[in-house]
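A short worksheet on the structure shown next.
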There are 4 protein chains.
Amino acid sequence: MLVVMKQSATDDEIGRVVDTIETMGYEARPIPGRQRTAVGLVGNDGRVDSARLEGLPGVLEVIAVSHPYKQVSREWKADDTIVTLDNGTRIGGAEIVIMAGPCAVESEEQIVGVAHTLRRMGATILRGGAFKPRTSPYSFQGLGEEGLRYLARAREETGLAIITEAIDAEGVEVVGEYADIIQIGARNMQNYPLLRRAGRYGKPVMLKRGMSATIKELLLAAEYLLAEGNSRVILCERGVRSFDTHTRNLLDLTAIPVVQSLSHLPIIADPSHGTGLRSKVTPMARAAVAAGADGLMIEVHPEPDHALSDGAQSLYPEQFEELMRQIAVIGQALDRKILSLPAMASP
Amino acid sequence: MLVVMKQSATDDEIGRVVDTIETMGYEARPIPGRQRTAVGLVGNDGRVDSARLEGLPGVLEVIAVSHPYKQVSREWKADDTIVTLDNGTRIGGAEIVIMAGPCAVESEEQIVGVAHTLRRMGATILRGGAFKPRTSPYSFQGLGEEGLRYLARAREETGLAIITEAIDAEGVEVVGEYADIIQIGARNMQNYPLLRRAGRYGKPVMLKRGMSATIKELLLAAEYLLAEGNSRVILCERGVRSFDTHTRNLLDLTAIPVVQSLSHLPIIADPSHGTGLRSKVTPMARAAVAAGADGLMIEVHPEPDHALSDGAQSLYPEQFEELMRQIAVIGQALDRKILSLPAMASP
Amino acid sequence: MLVVMKQSATDDEIGRVVDTIETMGYEARPIPGRQRTAVGLVGNDGRVDSARLEGLPGVLEVIAVSHPYKQVSREWKADDTIVTLDNGTRIGGAEIVIMAGPCAVESEEQIVGVAHTLRRMGATILRGGAFKPRTSPYSFQGLGEEGLRYLARAREETGLAIITEAIDAEGVEVVGEYADIIQIGARNMQNYPLLRRAGRYGKPVMLKRGMSATIKELLLAAEYLLAEGNSRVILCERGVRSFDTHTRNLLDLTAIPVVQSLSHLPIIADPSHGTGLRSKVTPMARAAVAAGADGLMIEVHPEPDHALSDGAQSLYPEQFEELMRQIAVIGQALDRKILSLPAMASP
Amino acid sequence: MLVVMKQSATDDEIGRVVDTIETMGYEARPIPGRQRTAVGLVGNDGRVDSARLEGLPGVLEVIAVSHPYKQVSREWKADDTIVTLDNGTRIGGAEIVIMAGPCAVESEEQIVGVAHTLRRMGATILRGGAFKPRTSPYSFQGLGEEGLRYLARAREETGLAIITEAIDAEGVEVVGEYADIIQIGARNMQNYPLLRRAGRYGKPVMLKRGMSATIKELLLAAEYLLAEGNSRVILCERGVRSFDTHTRNLLDLTAIPVVQSLSHLPIIADPSHGTGLRSKVTPMARAAVAAGADGLMIEVHPEPDHALSDGAQSLYPEQFEELMRQIAVIGQALDRKILSLPAMASP
């Protein structure tokens, strides 16, 4: 951490900064420059609260040099983390992993039917919301545990792994009983009680980037999971808020190589929520793979026109199939293949 | 809701939009224009999911005309809501309400001491966090229920009402036992289980605007509280995320008159979190009152240099006192006075 | 255009809206709904100023239904525009066009040398700034007309076409004498005198999206060029401003399919400025092609460590060569090839 | 400037950074820390291009410590700059300066008539656009030099000073002949040829903050004016782009105290463009004064319903009069009065 002093800072003011740093238990190292003095804080273990220094007289600004996260950092663990599921799916390795399914579980027929289709087309993980966080209290909120049972039934029939969302700390136990991966949604990225519980629960967790979260904040949120002992964490870019309303969100694909350089955790992209419009999902799914994503989460609905939520961003099954073909070609440019399920008796 | 068709839309495509609207149970009204046709959806009760229409062939865009919130709307209730507390404080009326105190409760001495100071200087509500949502898992997370007891002790001694934050649904019960107002923080604005529980609990709730929440989303989050039967809701502008890092957040004071025209709920401003820098708190507190805020939430710490969190944005008590003097003058321009506690024996 | 009335709007207020619309020379069509009335304005030719209606009593909001741009719209011209250059390069067709070169022209040796390298690796257009708009008045501002002469010399030797920036209306004539494509930079996207002059000059123009321009504003800026009779216009996505400082800009690749659905003009991406960091250029260049861009503009410098501007985002020539190989593979997924220069005697 | 190395950086990589800094002509000072090494660059005169260092192997990030602007900085000149006009108006001193008038000059009657009204109500500077930068090429673009003559006539009759916009470098001469203050609009904040010309011309310049300009960029743009020898510069906050469409722009009032701490230049606010909605102009004008603005620019139109541009954000004259009354009260809280014109025979 570097405390930059004003040009007009007096020796007394610099001395007070030095004293404060030492009182906090760290070493202070003044660095005189041509324009101004800066004071380095040595020994920062990620716990230093810059606020205490920022407010001191004569201080121009405080600059963080060490990064506040640890276990998620590639400097902590150099090798890529690979998250392995019961059905053999490996996320974060050389292969591209496809998660697909409807926004919400609507009925047993719907979810089991689409699971068969997706299995045939090459997905290895089935998505489907049972607990839906909705902006309006009057919108459809999901089938709850009933939906989870339908998902389990789809897994049983197809061998697909299941990813579905928990929206509160209590929900972690319920969802965890059925899901292979517990999803934490964008609105809950900084729901710390939920993160702690998911961290302690131990099943793989997919953490979506918050609507206006910086990459540093995303990594700090993941740090909550790792700090509880759970390192089976997958990150997900799903679009951030921006000033243009042509799309619901602005899919920030640069986050993919940025996260990969800072962290060892796998990162996938969700172009369905990331754009909010069906006709933009396919190009952005292709782009995410080309940018180096470890996988995709794609909304596919057998009848998007009749979906109970987010129908406009769901692909028709035939569009999904065509996308899979295109991704396979793009993967070649990066020496990556689409992961297919290991030999498994299709029921 | 207005479904705008492409210029090239065929009669069949328009017909399909009309059919879909009617299947959804609403009335469709085609409006031919010079350039293109639009189809109005009549009878929208706030529950229509535009996604289903957006994805239909020939549709250019879907425009929401009716507002998706109801009970929070000034069209639902024309008169200002006034939230009254046990100590006589009325929020949302002609007077300006001042909430003040440290970011976090650190000890009984600290909170009781500062409460006496603030009471003398004119605050009527004491703030202080017992459960702190922190970006890093390694930062100080608050004293928990112990902190709540210290707050209660401060109330007992000074007559100030208490506002403090609940960070999850379970926490509502614990916090609710001690607080006069339950605060829901920016990171939890869309934590729906928390909102529902706080709505059902029945005590006054102060809901902070999320980091990148639109005003519509803020009002929809408040709708969750009102939909559970709790209309004692106060909104709080506390800065939104922006592209400039000179301040931690961008305090959006225009939100104050905008909310006041759309909703009957009171709205206050938090310039401490809204700027993140002590030297900017006083000017922005003055500005918030001038913009018409129903009150302020201000961080004041007896010794900001030694605060355990957010010291850099806490005012020194003497700065707070000077701010109170300035606000009193500004209030005159709007025919508003600072609310002072009704006759009460100071202990 | 749709004028949405408040629920409480009186008949007089609705009547005044109708009268105002008619005074403006358009047709007014009231649309009563269950919650509120809206008034449609029929006959909008893109010239209606909504401000006049927004301010009338009883008006809740004014919603633009027709799009304010015309000639750039795909509704005006359904077929893709293809911009053809003297050296045979066609931008906007089935092939992917590669523009490459250093940020700034620094010397004759530098630009001619790198041109030969790029020609060999498969670029067809050479970029290089002679007039540089720099944030600080104390930074290197470019070689001016001398730089243009060096570019012309590079074209002569290699057959590459030249793209370089004009930063003011006078500059259009100077740059136009040497360049095959006149570039208008992000900071000048709404420099209307410059747009008009470039529109009248008649040479192909590449218009970069402004730092915080919506896609609608980008298209309206292009409309200035077409309105002056110049339809040889190429658009360029180069990153928008966002809240995260991990990258200089947020490359908005979704803009590519969005522009392609709204407009017939070709659109390319500039991942060098769009990310600002060399290690992110290659993944985002791949992603742009996968998203459907008609081409790329890539900064390549023979010795990035010694570049006079933007060295950190310039690829080493060998990185560029590897990128070309990857793009060729990705193009296959979209049935596109990289454009190579038509048979031309290499000097 | 501080070059932060990766934890894994080798001694060779650190050495290369040191060498590069020394080759650039500065002093390098390595600072070993517990986690990583940083290398300080000493002697930065604001001209160092960080790009060259950012791209070196082993570098994590480059942090600017010295500020890239100089003459605009309060560290360069501690005392407030006061800009004095021919009619005695002083901007940047103890008094609050009011600029008011219509968005565009529409006719001689209009501008002279409103000037008399505004003079009577207490304004000292008349605004009115003769050259209008408009988003659409089909909107009204202003009366040009004819409009300037009408403004001069209004000055002659009322004694008000004139502020009006120049939209290109050539325009500086034309506008400069008539105006007391040359305005440079938000879209042109980084139009460097325009800034240079306005800097050399020598008349007072008001520079508006760009739509998505950081405060640092605003100050750097002002540096272009001062670098040409013109220190009579007034800054103007007029709202930045944000994600919420409830208002056209997000008026960033915190910019006022931030600029005042970083620079000696006066800063005013434009709540008319800053909100885009008449009903929000008055509260935000009050707030700007309370935040410490040196003045206001307010759009007032005698008949907003018939304005040729931006009518919806123009106050009615009686609203302006009431605003003046409120501002006078608010000023008392900061010991500031509204500047009134020195004794002058009203014609």
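Residue numbering restarts at 1 in every chain; chains get A, B, ... in the order shown in the structure tokens, and ligands count up from 1 in that same order.
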
For this session: Within 7 Å of chain C, which residues of chain A are there when counting only C-alpha atoms? Please give them as a ChimeraX atom specification.
Result: /A:214,244,250,252,254,257,280,283-284,286-288,290-292,326,329-330,333

Could you take the residues named above and write them with N, CA and C atoms, as a JSON list (two decimals), in the first residue's frame?
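What follows is the written file selection21.json:
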[["chain", "number", "residue", "atom", "x", "y", "z"],
["A", 214, "THR", "N", -16.69, -5.23, -9.93],
["A", 214, "THR", "CA", -15.39, -5.26, -10.58],
["A", 214, "THR", "C", -14.86, -6.70, -10.50],
["A", 244, "ASP", "N", -26.02, 1.69, -22.23],
["A", 244, "ASP", "CA", -26.79, 1.50, -23.46],
["A", 244, "ASP", "C", -27.87, 0.47, -23.22],
["A", 250, "LEU", "N", -24.17, -5.74, -20.59],
["A", 250, "LEU", "CA", -23.02, -5.67, -21.50],
["A", 250, "LEU", "C", -22.10, -6.83, -21.14],
["A", 252, "ASP", "N", -19.05, -8.73, -20.72],
["A", 252, "ASP", "CA", -17.66, -8.27, -20.65],
["A", 252, "ASP", "C", -16.72, -9.45, -20.87],
["A", 254, "THR", "N", -13.76, -9.57, -21.99],
["A", 254, "THR", "CA", -12.36, -9.37, -21.58],
["A", 254, "THR", "C", -12.14, -9.89, -20.17],
["A", 257, "PRO", "N", -10.01, -13.45, -20.12],
["A", 257, "PRO", "CA", -8.54, -13.49, -19.98],
["A", 257, "PRO", "C", -8.04, -12.74, -18.75],
["A", 280, "LYS", "N", -28.73, -12.50, -30.21],
["A", 280, "LYS", "CA", -27.35, -12.14, -29.87],
["A", 280, "LYS", "C", -26.65, -13.27, -29.10],
["A", 283, "PRO", "N", -23.93, -15.42, -31.50],
["A", 283, "PRO", "CA", -22.62, -14.77, -31.74],
["A", 283, "PRO", "C", -21.80, -14.59, -30.48],
["A", 284, "MET", "N", -22.44, -14.28, -29.36],
["A", 284, "MET", "CA", -21.66, -14.02, -28.16],
["A", 284, "MET", "C", -21.20, -15.32, -27.51],
["A", 286, "ARG", "N", -20.22, -17.89, -29.31],
["A", 286, "ARG", "CA", -19.01, -18.16, -30.11],
["A", 286, "ARG", "C", -17.85, -17.29, -29.63],
["A", 287, "ALA", "N", -18.14, -16.01, -29.39],
["A", 287, "ALA", "CA", -17.09, -15.09, -28.99],
["A", 287, "ALA", "C", -16.49, -15.49, -27.65],
["A", 288, "ALA", "N", -17.33, -15.96, -26.74],
["A", 288, "ALA", "CA", -16.83, -16.34, -25.42],
["A", 288, "ALA", "C", -15.84, -17.50, -25.53],
["A", 290, "ALA", "N", -14.08, -18.23, -28.16],
["A", 290, "ALA", "CA", -12.89, -17.70, -28.82],
["A", 290, "ALA", "C", -12.03, -16.90, -27.84],
["A", 291, "ALA", "N", -12.67, -16.27, -26.87],
["A", 291, "ALA", "CA", -11.92, -15.50, -25.87],
["A", 291, "ALA", "C", -11.24, -16.40, -24.85],
["A", 292, "GLY", "N", -11.60, -17.68, -24.85],
["A", 292, "GLY", "CA", -10.92, -18.61, -23.96],
["A", 292, "GLY", "C", -11.74, -19.13, -22.79],
["A", 326, "GLN", "N", -20.68, -24.84, -34.44],
["A", 326, "GLN", "CA", -19.77, -23.71, -34.65],
["A", 326, "GLN", "C", -18.68, -23.68, -33.57],
["A", 329, "VAL", "N", -15.74, -25.93, -34.11],
["A", 329, "VAL", "CA", -14.74, -25.41, -35.05],
["A", 329, "VAL", "C", -13.86, -24.37, -34.35],
["A", 330, "ILE", "N", -14.49, -23.46, -33.65],
["A", 330, "ILE", "CA", -13.73, -22.38, -32.99],
["A", 330, "ILE", "C", -12.74, -22.96, -31.98],
["A", 333, "ALA", "N", -9.12, -23.57, -32.90],
["A", 333, "ALA", "CA", -8.15, -22.48, -32.94],
["A", 333, "ALA", "C", -7.39, -22.38, -31.62]]

For this session: as a PyMOL selection string, please: all residues of stretch 18-81 of chain B that backbone DSSP puts in strand (DSSP E or B).
Result: chain B and resi 27-32+37-42+59-63+73

For this session: Would you list the contacts of D:Leu194 as a count of residues only, taking every protein, DNA or RNA residue within 8 Å and counting only C-alpha atoms, but skipping same-chain residues closer than 2 positions in sequence?
Result: 10

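Within 8 Å of stretch 337-339 of chain A, once only C-alpha atoms are used and residues closer than 6 positions along the same chain are dropped, the contacting residues are Thr89, Ala94, Glu95, Ile96, Val97, Ile98, Thr124, Ile327, Ala328 and Gly331 of chain A.
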
Kindly save the residues from that selection, with C-alpha atoms included, as a compact mmCIF listing (two decimals), in the first residue's frame.
# COMPACT_ATOMS: atom_id res chain seq x y z
CA THR A 89 -17.37 -33.61 -16.25
CA ALA A 94 -8.44 -28.49 -21.73
CA GLU A 95 -12.04 -29.11 -22.73
CA ILE A 96 -14.98 -26.74 -23.16
CA VAL A 97 -17.94 -27.56 -20.93
CA ILE A 98 -21.51 -26.86 -22.00
CA THR A 124 -22.99 -32.37 -20.10
CA ILE A 327 -18.13 -23.91 -31.24
CA ALA A 328 -16.46 -27.16 -32.14
CA GLY A 331 -12.29 -24.61 -30.27

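One finds atom CA of D:Tyr316 at 26.5 Å from atom CA of B:Asp80.
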
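One finds atom CA of A:Val300 at 11.7 Å from atom CA of A:Gly113.
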
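Within stretch 208-242 of chain C, the backbone-based DSSP assignment of alpha helix (DSSP H) covers Ile215, Lys216, Glu217, Leu218, Leu219, Leu220, Ala221, Ala222, Glu223, Tyr224, Leu225, Leu226 and Ala227 of chain C.
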
Exercise. Counting only C-alpha atoms, what is within 8 Å of D:Thr81, bar same-chain residues fewer than 3 positions away, as a list in words?
Worked result: Gly92, Gly93, Arg232, His264, Leu265 and Pro266 of chain D

Exercise. Can you tell me, as a PyMOL selection string, what residues are no more than 8 Å from B:Ala152 when counting only C-alpha atoms, ignoring any on the same chain fewer than 2 positions away?
Worked result: chain B and resi 148-150+154-156+162+178-179

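Residues in contact range of D:Ser314, defined as at most 8 Å between only C-alpha atoms, with sequence neighbours fewer than 6 positions away removed, read D:Pro102, D:Cys103, D:Ser272, D:Leu277, D:Arg278, D:Ile298, D:Glu299, D:Val300, D:His301, D:Pro304.
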
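Across the model, the gap from atom CA of A:Gln183 to atom CA of A:Tyr224 is 14.7 Å.
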